[in-house]
Amino acid sequence: RTQKRAYHEKVIDHYENPRNVGSFPKGDLDVGIGLVGAPACGDVMKLCIKVSADGIIEDVRFKTFGCGSAIASSSYMTERVKGMTLEAAGAIKNTEIAKELSLPPVKLHCSMLAEDAIKAAIRDFKSKRDAAVAKGQAPK
Ligand code: FES
Ligand code: FES
């Protein structure tokens with residue numbers, strides 16, 4: 001390969017074949033939605049999780065309006081959190097994503113978007129579930 005690439009090939013792969021694109025219905029009680037923006041550039045990421053009764057992330061979708069690194073970070077995040085507990089998913093650091101995708105320092109905030117988005121989705125799910133439990137609409 002003679003030409004120097006601006007993006008690592010893992011970023012290109014996720015950018016060209018993004019995994020788990022889409023969303024889930026906002027009103028569903030087993031769904032949590034995280035919508036976050038990056039002040040540095042104005043990019044936006046939406047991450048939706050579907051959570052089983054025992055607190056496992058069963059399915060994930062994302063939509064990202066942003067740069068290649070942001071799209072790759074969210075795509076990678078969806079693969080990473082599927083099957084995880086909420087606790088484990090909420091503990092993922094953006095630096096792990098940046099390392100996996102070999103993001104340069106200037107692109108760190110793009111991976112931060114993915115960390116913020118999963119945390120926001122988990123918060124949204126928990127507050128929705130707590131409200132449903134309080135109203136007697138959900139078990140536990
Ligand atoms: Fe425009 Fe990230 S700054 S895509
Ligand atoms: Fe802003 Fe990538 S440049 S999210």
# chains A, B, ... in the order shown; residues from 1 in each chain; ligands from 1
$ closest_atom_pairs --of "chain A" --to "ligand 1" --cutoff "7 Å" --atoms "only C-alpha atoms and all ligand atoms" --output "Markdown table"
| residue | atom | partner | partner_atom_place_in_ligand_line | distance |
| --- | --- | --- | --- | --- |
| A:Cys41 | CA | ligand 1 | 3 (S) | 4.2 |
| A:Gly42 | CA | ligand 1 | 3 (S) | 6.5 |
| A:Asp43 | CA | ligand 1 | 2 (Fe) | 5.5 |
| A:Gly66 | CA | ligand 1 | 4 (S) | 4.0 |
| A:Cys67 | CA | ligand 1 | 4 (S) | 3.5 |
$ write_last_selection --atoms "C-alpha atoms" --output "PDB file, in the first residue's frame"
ATOM      1  CA  CYS A  41     -18.300  19.896  15.918  1.00  0.00           C
ATOM      2  CA  GLY A  42     -22.103  19.771  16.127  1.00  0.00           C
ATOM      3  CA  ASP A  43     -22.352  16.089  15.227  1.00  0.00           C
ATOM      4  CA  GLY A  66     -21.337  12.928  11.808  1.00  0.00           C
ATOM      5  CA  CYS A  67     -17.870  12.165  10.614  1.00  0.00           C
TER       6      CYS A  67
END
$ residues_near_ligand --ligand "ligand 2" --cutoff "10 Å" --atoms "only C-alpha atoms and all ligand atoms" --output "PyMOL selection string"
chain A and resi 37-45+64-73+106-114
$ closest_atom_pairs --of "segment 20-105 of chain A" --to "segment 124-129 of chain A" --cutoff "9 Å" --atoms "only C-alpha atoms" --output "tab-separated table"
residue	atom	partner	partner_atom	distance
A:Leu29	CA	A:Arg129	CA	6.6
A:Asp30	CA	A:Phe125	CA	7.0
A:Val31	CA	A:Phe125	CA	5.9
A:Gly32	CA	A:Phe125	CA	3.9
A:Ile33	CA	A:Asp124	CA	5.9
A:Gly34	CA	A:Asp124	CA	6.8
A:Ile49	CA	A:Phe125	CA	8.1
A:Lys50	CA	A:Phe125	CA	8.6
A:Val51	CA	A:Phe125	CA	8.1
$ closest_residue --among "A:Lys135, A:His14, A:Lys26, A:Lys93" --to "Ile118 of chain A" --atoms "only C-alpha atoms"
A:Lys93
$ residues_around --residues "Lys63 of chain A" --least-positions-apart "5" --cutoff "7 Å" --atoms "only C-alpha atoms" --output "ChimeraX atom specification"
/A:21-22,45-47
$ write_last_selection --atoms "N, CA and C atoms" --output "compact mmCIF listing (two decimals), in the first residue's frame"
# COMPACT_ATOMS: atom_id res chain seq x y z
N VAL A 21 -27.85 -0.31 12.05
CA VAL A 21 -28.38 1.03 11.81
C VAL A 21 -29.90 1.01 11.98
N GLY A 22 -30.43 2.06 12.59
CA GLY A 22 -31.88 2.17 12.74
C GLY A 22 -32.26 2.64 14.13
N MET A 45 -25.46 11.85 17.66
CA MET A 45 -25.54 10.40 17.66
C MET A 45 -26.76 9.95 18.46
N LYS A 46 -27.51 9.00 17.89
CA LYS A 46 -28.66 8.43 18.60
C LYS A 46 -28.43 6.93 18.73
N LEU A 47 -28.48 6.46 19.97
CA LEU A 47 -28.27 5.04 20.24
C LEU A 47 -29.50 4.49 20.96
$ select_by_dssp --residues "chain A" --states "alpha helix (DSSP H)" --output "PyMOL selection string"
chain A and resi 9-16+68-81+86-90+94-100+108-134
$ write_last_selection --atoms "C-alpha atoms" --output "short mmCIF file (atom, residue, chain, number, x, y, z; two decimals), in the first residue's frame"
data_model
loop_
_atom_site.label_atom_id
_atom_site.label_comp_id
_atom_site.auth_asym_id
_atom_site.auth_seq_id
_atom_site.Cartn_x
_atom_site.Cartn_y
_atom_site.Cartn_z
CA GLU A 9 -9.11 0.38 7.93
CA LYS A 10 -11.38 -0.58 10.85
CA VAL A 11 -12.94 2.89 10.65
CA ILE A 12 -13.42 2.50 6.89
CA ASP A 13 -15.00 -0.92 7.38
CA HIS A 14 -17.54 0.34 9.93
CA TYR A 15 -18.16 3.44 7.84
CA GLU A 16 -18.85 1.45 4.68
CA GLY A 68 -16.48 8.75 9.71
CA SER A 69 -14.96 8.28 13.16
CA ALA A 70 -18.28 9.03 14.87
CA ILE A 71 -20.13 6.58 12.63
CA ALA A 72 -17.45 3.92 13.18
CA SER A 73 -17.48 4.53 16.95
CA SER A 74 -21.25 4.07 17.16
CA SER A 75 -21.26 1.05 14.87
CA TYR A 76 -18.52 -0.57 16.94
CA MET A 77 -20.34 0.32 20.16
CA THR A 78 -23.51 -1.49 18.98
CA GLU A 79 -21.51 -4.66 18.33
CA ARG A 80 -19.72 -4.36 21.62
CA VAL A 81 -22.73 -3.92 23.93
CA LEU A 86 -26.44 -2.52 31.59
CA GLU A 87 -23.69 -2.18 34.17
CA ALA A 88 -20.96 -3.53 31.89
CA ALA A 89 -22.14 -1.45 28.93
CA GLY A 90 -22.26 1.68 31.05
CA ASN A 94 -14.30 6.07 24.95
CA THR A 95 -10.56 5.43 25.13
CA GLU A 96 -11.23 1.70 24.57
CA ILE A 97 -13.18 2.54 21.42
CA ALA A 98 -10.51 4.96 20.23
CA LYS A 99 -7.86 2.31 20.78
CA GLU A 100 -9.82 -0.40 18.97
CA LEU A 108 -11.15 11.38 20.46
CA HIS A 109 -14.31 13.44 20.88
CA CYS A 110 -15.96 11.29 18.18
CA SER A 111 -15.54 8.18 20.37
CA MET A 112 -16.69 10.22 23.39
CA LEU A 113 -20.00 10.61 21.58
CA ALA A 114 -20.44 6.81 21.65
CA GLU A 115 -19.66 6.61 25.39
CA ASP A 116 -22.07 9.47 26.11
CA ALA A 117 -24.75 7.87 23.91
CA ILE A 118 -24.74 4.45 25.59
CA LYS A 119 -24.78 6.07 29.04
CA ALA A 120 -27.69 8.30 28.01
CA ALA A 121 -29.59 5.31 26.59
CA ILE A 122 -29.13 3.37 29.83
CA ARG A 123 -30.29 6.37 31.90
CA ASP A 124 -33.34 6.76 29.65
CA PHE A 125 -34.23 3.08 29.96
CA LYS A 126 -33.85 3.11 33.76
CA SER A 127 -35.93 6.24 34.29
CA LYS A 128 -38.66 4.88 32.01
CA ARG A 129 -38.66 1.55 33.81
CA ASP A 130 -38.70 3.21 37.25
CA ALA A 131 -41.67 5.35 36.19
CA ALA A 132 -43.50 2.25 34.91
CA VAL A 133 -42.79 0.34 38.11
CA ALA A 134 -44.06 3.29 40.17
#
$ atom_distance --atom1 "atom CA of Pro18 of chain A" --atom2 "atom CA of Asp54 of chain A"
28.0 Å
$ atom_distance --atom1 "atom CA of Glu58 of chain A" --atom2 "atom CA of Val36 of chain A"
21.5 Å
$ atom_distance --atom1 "atom CA of Gly136 of chain A" --atom2 "atom CA of Pro25 of chain A"
21.2 Å
